>>> print(open('my_file-v8.cif').read())   # mmCIF, C-alpha atoms
data_protein
#
loop_
_atom_site.group_PDB
_atom_site.id
_atom_site.type_symbol
_atom_site.label_atom_id
_atom_site.label_comp_id
_atom_site.auth_asym_id
_atom_site.auth_seq_id
_atom_site.Cartn_x
_atom_site.Cartn_y
_atom_site.Cartn_z
ATOM 1 C CA MET A 1 43.880 15.468 2.043
ATOM 2 C CA SER A 2 47.128 16.562 0.474
ATOM 3 C CA ARG A 3 45.613 16.442 -2.979
ATOM 4 C CA VAL A 4 43.385 19.097 -4.384
ATOM 5 C CA GLU A 5 40.987 18.142 -7.147
ATOM 6 C CA ALA A 6 41.620 19.751 -10.470
ATOM 7 C CA PRO A 7 39.193 22.590 -11.103
ATOM 8 C CA ALA A 8 36.955 20.874 -13.616
ATOM 9 C CA SER A 9 35.629 23.886 -15.448
ATOM 10 C CA PRO A 10 33.032 25.408 -13.129
ATOM 11 C CA ARG A 11 29.818 26.372 -14.839
ATOM 12 C CA GLN A 12 29.026 30.006 -14.444
ATOM 13 C CA THR A 13 25.826 30.398 -16.324
ATOM 14 C CA LEU A 14 22.296 29.584 -15.275
ATOM 15 C CA THR A 15 20.911 26.471 -16.899
ATOM 16 C CA ARG A 16 17.407 25.367 -17.708
ATOM 17 C CA ALA A 17 17.717 22.700 -15.009
ATOM 18 C CA ASP A 18 18.461 25.439 -12.483
ATOM 19 C CA TRP A 19 15.162 27.143 -13.164
ATOM 20 C CA LEU A 20 13.250 23.861 -13.253
ATOM 21 C CA LEU A 21 14.693 23.010 -9.850
ATOM 22 C CA ALA A 22 13.659 26.384 -8.448
ATOM 23 C CA ALA A 23 10.140 25.914 -9.811
ATOM 24 C CA ALA A 24 9.933 22.392 -8.362
ATOM 25 C CA LEU A 25 11.023 23.667 -4.967
ATOM 26 C CA MET A 26 8.361 26.354 -5.079
ATOM 27 C CA LEU A 27 5.663 23.796 -5.942
ATOM 28 C CA LEU A 28 6.857 21.488 -3.151
ATOM 29 C CA CYS A 29 6.697 24.365 -0.710
ATOM 30 C CA LEU A 30 3.169 25.372 -1.698
ATOM 31 C CA GLY A 31 2.032 21.745 -1.795
ATOM 32 C CA SER A 32 3.272 20.919 1.684
ATOM 33 C CA TRP A 33 1.805 24.139 2.996
ATOM 34 C CA ALA A 34 -1.608 23.344 1.499
ATOM 35 C CA ALA A 35 -1.493 19.756 2.778
ATOM 36 C CA LEU A 36 -0.597 20.719 6.338
ATOM 37 C CA GLY A 37 -3.089 23.594 6.408
ATOM 38 C CA ARG A 38 -5.952 21.130 6.208
ATOM 39 C CA ARG A 39 -5.322 19.520 9.570
ATOM 40 C CA PRO A 40 -8.169 19.967 12.062
ATOM 41 C CA PRO A 41 -7.745 22.255 15.080
ATOM 42 C CA GLY A 42 -6.257 20.739 18.233
ATOM 43 C CA THR A 43 -8.348 20.208 21.342
ATOM 44 C CA LEU A 44 -5.757 19.218 23.940
ATOM 45 C CA LEU A 45 -2.592 21.037 24.947
ATOM 46 C CA VAL A 46 0.331 19.026 26.309
ATOM 47 C CA ILE A 47 3.142 20.917 27.998
ATOM 48 C CA ASP A 48 6.310 18.898 28.470
ATOM 49 C CA SER A 49 8.920 20.365 30.790
ATOM 50 C CA PRO A 50 11.797 18.658 32.657
ATOM 51 C CA GLY A 51 9.767 18.492 35.845
ATOM 52 C CA GLN A 52 6.389 17.384 34.593
ATOM 53 C CA SER A 53 4.082 16.724 31.694
ATOM 54 C CA LEU A 54 0.854 18.680 31.796
ATOM 55 C CA ARG A 55 -2.293 17.964 29.769
ATOM 56 C CA LEU A 56 -5.111 20.452 29.618
ATOM 57 C CA PRO A 57 -7.997 21.265 27.272
ATOM 58 C CA LEU A 58 -7.214 23.936 24.711
ATOM 59 C CA ALA A 59 -10.021 26.233 25.798
ATOM 60 C CA GLY A 60 -10.635 29.490 27.601
ATOM 61 C CA ASN A 61 -7.950 31.985 28.523
ATOM 62 C CA GLN A 62 -5.087 30.679 30.632
ATOM 63 C CA VAL A 63 -1.531 31.586 31.475
ATOM 64 C CA LEU A 64 0.899 28.891 32.619
ATOM 65 C CA PHE A 65 4.489 28.977 33.769
ATOM 66 C CA PRO A 66 6.283 25.676 33.088
ATOM 67 C CA GLU A 67 9.733 25.564 34.685
ATOM 68 C CA GLY A 68 12.876 24.698 32.750
ATOM 69 C CA PRO A 69 16.589 24.823 33.555
ATOM 70 C CA LEU A 70 16.718 28.529 32.611
ATOM 71 C CA GLY A 71 13.612 29.516 34.571
ATOM 72 C CA ALA A 72 9.901 29.787 33.898
ATOM 73 C CA SER A 73 8.491 30.112 30.399
ATOM 74 C CA ARG A 74 5.231 31.982 29.998
ATOM 75 C CA VAL A 75 2.658 29.995 28.021
ATOM 76 C CA GLU A 76 -0.616 31.577 26.982
ATOM 77 C CA VAL A 77 -3.805 29.828 25.889
ATOM 78 C CA GLN A 78 -6.396 31.966 24.172
ATOM 79 C CA GLY A 79 -9.251 31.289 21.744
ATOM 80 C CA GLY A 80 -8.238 27.722 20.938
ATOM 81 C CA ARG A 81 -4.598 28.653 20.346
ATOM 82 C CA ALA A 82 -1.420 28.423 22.424
ATOM 83 C CA ARG A 83 1.961 30.145 22.333
ATOM 84 C CA PHE A 84 5.113 30.970 24.201
ATOM 85 C CA ALA A 85 4.486 34.552 25.302
ATOM 86 C CA ALA A 86 7.841 34.927 27.039
ATOM 87 C CA SER A 87 10.874 32.762 27.638
ATOM 88 C CA PRO A 88 14.165 33.040 29.511
ATOM 89 C CA CYS A 89 16.094 31.567 26.555
ATOM 90 C CA PRO A 90 18.655 33.658 24.675
ATOM 91 C CA GLU A 91 17.392 33.314 21.113
ATOM 92 C CA GLN A 92 13.616 33.541 21.654
ATOM 93 C CA ARG A 93 12.882 31.119 18.828
ATOM 94 C CA CYS A 94 9.897 29.726 20.695
ATOM 95 C CA VAL A 95 8.354 33.168 21.199
ATOM 96 C CA LEU A 96 8.938 34.117 17.556
ATOM 97 C CA GLN A 97 7.151 30.997 16.405
ATOM 98 C CA GLY A 98 3.875 32.529 17.574
ATOM 99 C CA TRP A 99 0.524 30.817 17.966
ATOM 100 C CA ILE A 100 -0.128 27.167 17.235
ATOM 101 C CA HIS A 101 -3.660 25.836 16.884
ATOM 102 C CA ARG A 102 -3.690 22.742 14.656
ATOM 103 C CA GLN A 103 -3.637 19.132 15.748
ATOM 104 C CA GLY A 104 -0.066 17.821 15.792
ATOM 105 C CA GLU A 105 1.532 21.270 15.831
ATOM 106 C CA THR A 106 4.300 21.915 18.329
ATOM 107 C CA ALA A 107 6.217 24.861 19.657
ATOM 108 C CA ALA A 108 9.510 23.981 21.304
ATOM 109 C CA CYS A 109 12.031 25.845 23.392
ATOM 110 C CA LEU A 110 15.186 23.728 23.161
ATOM 111 C CA PRO A 111 17.317 25.775 25.582
ATOM 112 C CA ASN A 112 14.687 25.707 28.318
ATOM 113 C CA ARG A 113 13.488 22.211 27.366
ATOM 114 C CA VAL A 114 9.817 23.103 27.313
ATOM 115 C CA VAL A 115 7.645 21.726 24.515
ATOM 116 C CA LEU A 116 4.039 22.576 23.671
ATOM 117 C CA ARG A 117 2.099 20.025 21.688
ATOM 118 C CA LEU A 118 -1.476 20.043 20.444
ATOM 119 C CA GLU A 119 -3.458 16.857 20.258
ATOM 120 C CA GLY A 120 -6.920 15.941 19.103
ATOM 121 C CA SER A 121 -8.534 12.761 17.950
ATOM 122 C CA GLY A 122 -6.660 12.252 14.687
ATOM 123 C CA ALA A 123 -3.914 9.906 13.546
ATOM 124 C CA LEU A 124 -1.063 12.102 14.746
ATOM 125 C CA ASP A 125 -2.546 11.968 18.198
ATOM 126 C CA ALA A 126 -2.471 8.197 18.273
ATOM 127 C CA LEU A 127 1.109 8.205 17.023
ATOM 128 C CA SER A 128 2.437 10.627 19.573
ATOM 129 C CA ARG A 129 0.953 8.837 22.553
ATOM 130 C CA MET B 1 45.554 15.868 -10.347
ATOM 131 C CA SER B 2 48.292 17.634 -8.471
ATOM 132 C CA THR B 3 49.396 18.529 -4.993
ATOM 133 C CA PRO B 4 48.070 21.925 -3.957
ATOM 134 C CA GLY B 5 50.262 24.686 -5.219
ATOM 135 C CA PRO B 6 50.770 27.985 -3.407
ATOM 136 C CA ARG B 7 48.057 29.628 -5.465
ATOM 137 C CA GLN B 8 45.518 26.962 -4.537
ATOM 138 C CA LEU B 9 46.448 27.164 -0.873
ATOM 139 C CA ALA B 10 46.218 30.943 -0.913
ATOM 140 C CA ARG B 11 42.826 30.755 -2.574
ATOM 141 C CA LEU B 12 41.601 28.233 -0.021
ATOM 142 C CA GLY B 13 42.822 30.437 2.828
ATOM 143 C CA LEU B 14 41.040 33.458 1.380
ATOM 144 C CA LEU B 15 37.809 31.508 0.945
ATOM 145 C CA THR B 16 37.982 30.188 4.508
ATOM 146 C CA GLY B 17 38.613 33.689 5.814
ATOM 147 C CA ALA B 18 35.696 35.001 3.777
ATOM 148 C CA ALA B 19 33.454 32.230 5.103
ATOM 149 C CA LEU B 20 34.253 33.163 8.709
ATOM 150 C CA ALA B 21 33.844 36.887 8.117
ATOM 151 C CA LEU B 22 30.461 36.319 6.455
ATOM 152 C CA TYR B 23 29.425 33.936 9.236
ATOM 153 C CA ILE B 24 30.140 36.530 11.921
ATOM 154 C CA PHE B 25 28.613 39.341 9.875
ATOM 155 C CA GLU B 26 25.413 37.372 9.466
ATOM 156 C CA GLN B 27 24.921 37.138 13.235
ATOM 157 C CA TRP B 28 24.150 40.850 13.233
ATOM 158 C CA VAL B 29 21.738 40.815 10.333
ATOM 159 C CA PRO B 30 18.151 40.853 11.616
ATOM 160 C CA ARG B 31 16.094 37.921 10.368
ATOM 161 C CA PRO B 32 12.396 37.087 10.402
ATOM 162 C CA LEU B 33 12.940 33.708 12.099
ATOM 163 C CA PRO B 34 16.134 32.351 13.632
ATOM 164 C CA TRP B 35 16.527 29.470 11.222
ATOM 165 C CA MET B 36 15.768 31.628 8.190
ATOM 166 C CA ARG B 37 19.192 33.019 7.521
ATOM 167 C CA PRO B 38 20.531 33.764 4.081
ATOM 168 C CA GLY B 39 23.513 31.539 4.900
ATOM 169 C CA LEU B 40 26.036 33.973 3.457
ATOM 170 C CA ALA B 41 28.962 31.839 4.570
ATOM 171 C CA ASN B 42 27.739 29.087 2.251
ATOM 172 C CA LEU B 43 28.750 31.365 -0.598
ATOM 173 C CA ALA B 44 32.363 30.591 0.272
ATOM 174 C CA VAL B 45 31.633 26.843 0.410
ATOM 175 C CA LEU B 46 29.891 27.003 -2.973
ATOM 176 C CA LEU B 47 32.774 28.926 -4.542
ATOM 177 C CA ALA B 48 35.324 26.546 -3.042
ATOM 178 C CA LEU B 49 33.405 23.623 -4.530
ATOM 179 C CA LEU B 50 33.133 25.213 -7.965
ATOM 180 C CA VAL B 51 36.688 26.495 -8.166
ATOM 181 C CA GLN B 52 38.712 24.006 -6.123
ATOM 182 C CA GLY B 53 36.648 20.848 -5.735
ATOM 183 C CA PRO B 54 34.844 18.823 -3.023
ATOM 184 C CA ALA B 55 37.712 18.320 -0.550
ATOM 185 C CA PRO B 56 38.662 22.017 -0.259
ATOM 186 C CA ALA B 57 34.948 22.863 0.011
ATOM 187 C CA LEU B 58 34.653 20.474 2.946
ATOM 188 C CA ALA B 59 37.657 22.115 4.582
ATOM 189 C CA VAL B 60 35.964 25.519 4.278
ATOM 190 C CA GLN B 61 32.677 24.095 5.572
ATOM 191 C CA LEU B 62 34.212 22.399 8.630
ATOM 192 C CA THR B 63 36.359 25.414 9.535
ATOM 193 C CA LYS B 64 33.353 27.696 9.202
ATOM 194 C CA TRP B 65 31.357 25.419 11.497
ATOM 195 C CA LEU B 66 34.019 24.834 14.187
ATOM 196 C CA VAL B 67 35.681 28.248 14.341
ATOM 197 C CA GLY B 68 32.409 30.079 13.664
ATOM 198 C CA SER B 69 30.698 28.276 16.558
ATOM 199 C CA LEU B 70 33.698 28.977 18.768
ATOM 200 C CA LEU B 71 33.547 32.692 17.963
ATOM 201 C CA THR B 72 29.790 33.003 18.450
ATOM 202 C CA GLY B 73 29.753 30.885 21.593
ATOM 203 C CA SER B 74 27.446 28.145 20.387
ATOM 204 C CA LEU B 75 30.091 25.400 20.500
ATOM 205 C CA GLY B 76 28.767 22.142 21.930
ATOM 206 C CA GLY B 77 25.065 22.996 22.184
ATOM 207 C CA PRO B 78 22.172 21.485 20.213
ATOM 208 C CA ALA B 79 22.435 24.303 17.659
ATOM 209 C CA PHE B 80 26.079 23.336 17.114
ATOM 210 C CA VAL B 81 25.211 19.711 16.401
ATOM 211 C CA ILE B 82 22.316 20.693 14.140
ATOM 212 C CA ALA B 83 24.485 23.132 12.192
ATOM 213 C CA GLY B 84 27.245 20.529 11.808
ATOM 214 C CA VAL B 85 24.955 17.827 10.458
ATOM 215 C CA ALA B 86 23.058 20.213 8.194
ATOM 216 C CA GLY B 87 26.214 21.895 6.889
ATOM 217 C CA SER B 88 28.016 18.640 6.148
ATOM 218 C CA GLY B 89 24.908 17.193 4.488
ATOM 219 C CA SER B 90 24.573 20.302 2.372
ATOM 220 C CA TRP B 91 28.193 19.943 1.269
ATOM 221 C CA ALA B 92 27.675 16.251 0.451
ATOM 222 C CA ALA B 93 24.526 16.972 -1.580
ATOM 223 C CA MET B 94 26.245 19.697 -3.598
ATOM 224 C CA SER B 95 29.408 17.639 -4.148
ATOM 225 C CA LEU B 96 27.505 14.582 -5.333
ATOM 226 C CA THR B 97 25.276 16.664 -7.598
ATOM 227 C CA ARG B 98 28.302 18.324 -9.111
ATOM 228 C CA ARG B 99 29.957 14.984 -9.637
ATOM 229 C CA TRP B 100 26.985 13.222 -11.189
ATOM 230 C CA ALA B 101 25.116 16.071 -12.829
ATOM 231 C CA GLY B 102 27.717 18.821 -13.038
ATOM 232 C CA ARG B 103 26.778 19.621 -16.624
ATOM 233 C CA LEU B 104 23.128 19.945 -15.819
ATOM 234 C CA PHE B 105 23.238 22.497 -13.031
ATOM 235 C CA GLY B 106 24.917 25.848 -12.657
ATOM 236 C CA PRO B 107 25.670 27.650 -9.382
ATOM 237 C CA LEU B 108 21.972 28.365 -8.825
ATOM 238 C CA GLY B 109 20.947 24.698 -9.048
ATOM 239 C CA LEU B 110 23.798 23.525 -6.846
ATOM 240 C CA SER B 111 23.009 26.160 -4.273
ATOM 241 C CA LEU B 112 19.290 25.290 -4.261
ATOM 242 C CA ILE B 113 20.128 21.616 -3.699
ATOM 243 C CA GLY B 114 22.561 22.494 -0.921
ATOM 244 C CA ALA B 115 20.065 24.812 0.767
ATOM 245 C CA THR B 116 17.260 22.242 0.578
ATOM 246 C CA ALA B 117 19.478 19.527 2.048
ATOM 247 C CA HIS B 118 20.535 21.974 4.757
ATOM 248 C CA GLN B 119 16.967 22.847 5.736
ATOM 249 C CA LEU B 120 15.660 19.275 5.672
ATOM 250 C CA LEU B 121 18.567 17.954 7.739
ATOM 251 C CA GLN B 122 18.142 20.841 10.147
ATOM 252 C CA LEU B 123 14.530 19.800 10.715
ATOM 253 C CA ALA B 124 15.435 16.117 11.004
ATOM 254 C CA THR B 125 18.248 16.749 13.488
ATOM 255 C CA ALA B 126 16.076 19.103 15.517
ATOM 256 C CA GLY B 127 13.573 16.235 15.607
ATOM 257 C CA LEU B 128 16.174 14.095 17.375
ATOM 258 C CA PHE B 129 16.336 16.654 20.154
ATOM 259 C CA VAL B 130 12.639 17.360 20.446
ATOM 260 C CA HIS B 131 11.140 13.946 19.562
ATOM 261 C CA GLN B 132 8.149 15.576 18.001
ATOM 262 C CA LEU B 133 6.228 14.890 14.848
ATOM 263 C CA GLY B 134 5.011 18.459 15.056
ATOM 264 C CA LEU B 135 8.229 19.686 13.513
ATOM 265 C CA LEU B 136 6.662 18.478 10.270
ATOM 266 C CA PHE B 137 4.599 21.639 10.383
ATOM 267 C CA LEU B 138 7.741 23.637 9.795
ATOM 268 C CA LEU B 139 8.334 21.876 6.457
ATOM 269 C CA PRO B 140 6.728 24.525 4.212
ATOM 270 C CA LEU B 141 8.652 27.230 6.027
ATOM 271 C CA ALA B 142 11.896 25.254 5.695
ATOM 272 C CA LEU B 143 11.362 24.764 1.951
ATOM 273 C CA LEU B 144 10.518 28.432 1.495
ATOM 274 C CA SER B 145 13.659 29.332 3.365
ATOM 275 C CA ALA B 146 15.685 26.960 1.174
ATOM 276 C CA LEU B 147 14.227 28.529 -1.958
ATOM 277 C CA PHE B 148 15.124 32.065 -0.944
ATOM 278 C CA SER B 149 18.529 31.453 0.594
ATOM 279 C CA GLY B 150 19.493 28.943 -2.105
ATOM 280 C CA ALA B 151 18.547 31.287 -4.931
ATOM 281 C CA PHE B 152 20.219 34.251 -3.249
ATOM 282 C CA ILE B 153 23.511 32.442 -2.637
ATOM 283 C CA GLY B 154 23.407 30.703 -6.034
ATOM 284 C CA LEU B 155 22.904 33.894 -8.032
ATOM 285 C CA LEU B 156 25.490 35.691 -5.929
ATOM 286 C CA GLY B 157 27.898 32.780 -6.471
ATOM 287 C CA GLY B 158 27.383 32.859 -10.231
ATOM 288 C CA ALA B 159 28.031 36.594 -10.323
ATOM 289 C CA ALA B 160 31.099 36.260 -8.107
ATOM 290 C CA LEU B 161 32.489 33.510 -10.318
ATOM 291 C CA LYS B 162 32.190 35.695 -13.408
ATOM 292 C CA LYS B 163 33.858 38.587 -11.642
ATOM 293 C CA LEU B 164 36.664 36.390 -10.347
ATOM 294 C CA ALA B 165 37.224 34.910 -13.811
ATOM 295 C CA ALA B 166 37.328 38.393 -15.338
ATOM 296 C CA ASN B 167 39.978 39.405 -12.822
ATOM 297 C CA GLY B 168 42.116 36.380 -13.570
ATOM 298 C CA TRP B 169 41.651 34.955 -10.095
ATOM 299 C CA LEU B 170 40.499 31.550 -11.285
ATOM 300 C CA PRO B 171 42.782 28.693 -12.377
ATOM 301 C CA ALA B 172 44.171 28.982 -15.882
ATOM 302 C CA ALA B 173 42.060 26.051 -17.126
ATOM 303 C CA PRO B 174 39.447 27.164 -19.645
ATOM 304 C CA ILE B 175 36.059 27.676 -18.126
ATOM 305 C CA ALA B 176 33.065 26.210 -19.856
ATOM 306 C CA GLY B 177 29.954 28.230 -20.266
ATOM 307 C CA SER B 178 31.508 31.621 -19.661
ATOM 308 C CA ALA B 179 29.710 34.235 -21.666
#
>>> encode(input="my_file-v8.cif", output="structure tokens")
Amino acid sequence: MSRVEAPASPRQTLTRADWLLAAALMLLCLGSWAALGRRPPGTLLVIDSPGQSLRLPLAGNQVLFPEGPLGASRVEVQGGRARFAASPCPEQRCVLQGWIHRQGETAACLPNRVVLRLEGSGALDALSR
Amino acid sequence: MSTPGPRQLARLGLLTGAALALYIFEQWVPRPLPWMRPGLANLAVLLALLVQGPAPALAVQLTKWLVGSLLTGSLGGPAFVIAGVAGSGSWAAMSLTRRWAGRLFGPLGLSLIGATAHQLLQLATAGLFVHQLGLLFLLPLALLSALFSGAFIGLLGGAALKKLAANGWLPAAPIAGSA
């Protein structure tokens, strides 16, 4: 890499293609959001942790403490939804993700290696089994 | 084509330094979700690509990734791998776009393409670690994030380029499209 490419006249101005691209990205974003929002609610919660894989119905109010390498994560089930309520991981991504309630949705804590997954009776369910 | 002169090397060094400073600075900026960062350091990669070319841009990108991860303590973890794949893919997407459709897109378009590639690869690489189809649900959020960060960095890059040109910091070659 001893050669440096000649600076081939960088464009500084905004082009029509720039704006079209931005608009396309916005449409793609809204489209994917609308498509995913139509998935039916999940009925089964699967909690994968290094020690075990737990399956339980997504109903009632429950608090679970799956163990990972960093310690216990606090998982809450409430009103057909599930979430990480607390986690021993440094970045708290899993907690920030909030509630999940649709079939196929997951919440994952990579550092603590705990994954929540919602299943139902749809196609995604068959795929993930 | 020429071997890098002192001016080019100095410019590259400044851009790399700026990339690292922005990378560290960004760690302290609060963000709504951890993977929704503005990606300020990519501004330096974008500028390096526009002013110097693909190879110098890759140098800035790789230094930002390695030294930045070393300084923030994330070297070697899953986040490090994800950032490396996503960052390199983003560089490749921007370089190829510039090569094949350089006339079509300005800084904003390039940046949007880079940001989208970054977000999609981030999701895909995370999928390797989690083995979950459920990550698909993060797609709208990833695209939204790409739109905002890409537009932000692209517009900032365009403005910076104009300023740098006005101050005589850019190579002497005439610059197309300057107002």
>>> resolve_selection(input="my_file-v8.cif", expression="the PyMOL selection byres ((chain A and resi 65) around 9)", output="tab-separated table (two decimals) with C-alpha atoms, in the frame of the given file")
chain	number	residue	atom	x	y	z
A	63	VAL	CA	-1.53	31.59	31.48
A	64	LEU	CA	0.90	28.89	32.62
A	66	PRO	CA	6.28	25.68	33.09
A	67	GLU	CA	9.73	25.56	34.68
A	72	ALA	CA	9.90	29.79	33.90
A	73	SER	CA	8.49	30.11	30.40
A	74	ARG	CA	5.23	31.98	30.00
A	75	VAL	CA	2.66	30.00	28.02
A	76	GLU	CA	-0.62	31.58	26.98
>>> atom_distance(input="my_file-v8.cif", atom1="CA of Glu91 in chain A", atom2="CA of Ala44 in chain B")
25.8 Å
>>> atom_distance(input="my_file-v8.cif", atom1="CA of Leu54 in chain A", atom2="CA of Val115 in chain A")
10.4 Å
>>> residues_near_point(input="my_file-v8.cif", point="(17.0, 25.4, 20.1)", cutoff="7 Å", atoms="all atoms listed in the file", output="list of chain:residue names")
A:Cys109, A:Leu110, A:Pro111, B:Pro78, B:Ala79
>>> resolve_selection(input="my_file-v8.cif", expression="the PyMOL selection byres ((chain B and resi 116) around 9)", output="PyMOL selection string")
(chain A and resi 25) or (chain B and resi 90+111-115+117-121+142-143+145-147+150)
>>> resolve_selection(input="my_file-v8.cif", expression="the PyMOL selection byres ((chain B and resi 84) around 12)", output="NGL selection string")
:B and (58 or 61-69 or 74-83 or 85-91 or 118 or 121-122 or 125-126)
>>> write_last_selection(input="my_file-v8.cif", atoms="C-alpha atoms", output="mmCIF file, keeping the file's coordinate frame")
data_model
loop_
_atom_site.group_PDB
_atom_site.id
_atom_site.type_symbol
_atom_site.label_atom_id
_atom_site.label_comp_id
_atom_site.auth_asym_id
_atom_site.auth_seq_id
_atom_site.Cartn_x
_atom_site.Cartn_y
_atom_site.Cartn_z
ATOM 1 C CA LEU B 58 34.653 20.474 2.946
ATOM 2 C CA GLN B 61 32.677 24.095 5.572
ATOM 3 C CA LEU B 62 34.212 22.399 8.630
ATOM 4 C CA THR B 63 36.359 25.414 9.535
ATOM 5 C CA LYS B 64 33.353 27.696 9.202
ATOM 6 C CA TRP B 65 31.357 25.419 11.497
ATOM 7 C CA LEU B 66 34.019 24.834 14.187
ATOM 8 C CA VAL B 67 35.681 28.248 14.341
ATOM 9 C CA GLY B 68 32.409 30.079 13.664
ATOM 10 C CA SER B 69 30.698 28.276 16.558
ATOM 11 C CA SER B 74 27.446 28.145 20.387
ATOM 12 C CA LEU B 75 30.091 25.400 20.500
ATOM 13 C CA GLY B 76 28.767 22.142 21.930
ATOM 14 C CA GLY B 77 25.065 22.996 22.184
ATOM 15 C CA PRO B 78 22.172 21.485 20.213
ATOM 16 C CA ALA B 79 22.435 24.303 17.659
ATOM 17 C CA PHE B 80 26.079 23.336 17.114
ATOM 18 C CA VAL B 81 25.211 19.711 16.401
ATOM 19 C CA ILE B 82 22.316 20.693 14.140
ATOM 20 C CA ALA B 83 24.485 23.132 12.192
ATOM 21 C CA VAL B 85 24.955 17.827 10.458
ATOM 22 C CA ALA B 86 23.058 20.213 8.194
ATOM 23 C CA GLY B 87 26.214 21.895 6.889
ATOM 24 C CA SER B 88 28.016 18.640 6.148
ATOM 25 C CA GLY B 89 24.908 17.193 4.488
ATOM 26 C CA SER B 90 24.573 20.302 2.372
ATOM 27 C CA TRP B 91 28.193 19.943 1.269
ATOM 28 C CA HIS B 118 20.535 21.974 4.757
ATOM 29 C CA LEU B 121 18.567 17.954 7.739
ATOM 30 C CA GLN B 122 18.142 20.841 10.147
ATOM 31 C CA THR B 125 18.248 16.749 13.488
ATOM 32 C CA ALA B 126 16.076 19.103 15.517
#
>>> closest_residue(input="my_file-v8.cif", among="B:Ala160, B:Leu96, B:Leu104, B:Ala124", to="Leu14 in chain A", atoms="only C-alpha atoms")
B:Leu104
>>> closest_residue(input="my_file-v8.cif", among="B:Leu138, B:Ala165, B:Ala57, B:Leu50", to="chain A", atoms="all atoms listed in the file")
B:Leu50
>>> residues_around(input="my_file-v8.cif", residues="Phe152 in chain B", least_positions_apart="6", cutoff="12 Å", atoms="only C-alpha atoms", output="list in words")
Ala22 of chain A; Arg37, Pro38, Gly39, Leu40, Ala41, Asn42, Leu43, Pro107, Leu108, Gly109, Leu110, Ser111, Leu112, Ala115, Ser145, Ala146, Gly158 and Ala159 of chain B
>>> axis_aligned_box(input="my_file-v8.cif", around="range 6-15 of chain B", padding_each_side="5 Å", output="lines of an AutoDock Vina configuration file")
center_x = 44.3
center_y = 30.2
center_z = -1.3
size_x = 23.0
size_y = 16.5
size_z = 18.3
>>> closest_residue(input="my_file-v8.cif", among="B:Lys163, B:Phe129, B:Phe137, B:Gly168", to="Val114 in chain A", atoms="all atoms listed in the file")
B:Phe129
>>> atom_distance(input="my_file-v8.cif", atom1="CA of Arg103 in chain B", atom2="CA of Val51 in chain B")
14.7 Å
>>> closest_residue(input="my_file-v8.cif", among="A:Leu27, A:Leu56, A:Ala107, A:Val77", to="Leu136 in chain B", atoms="only C-alpha atoms")
A:Ala107
>>> closest_residue(input="my_file-v8.cif", among="B:Gly127, B:Leu139, B:Leu144, B:Leu49", to="Thr97 in chain B", atoms="all atoms listed in the file")
B:Leu49
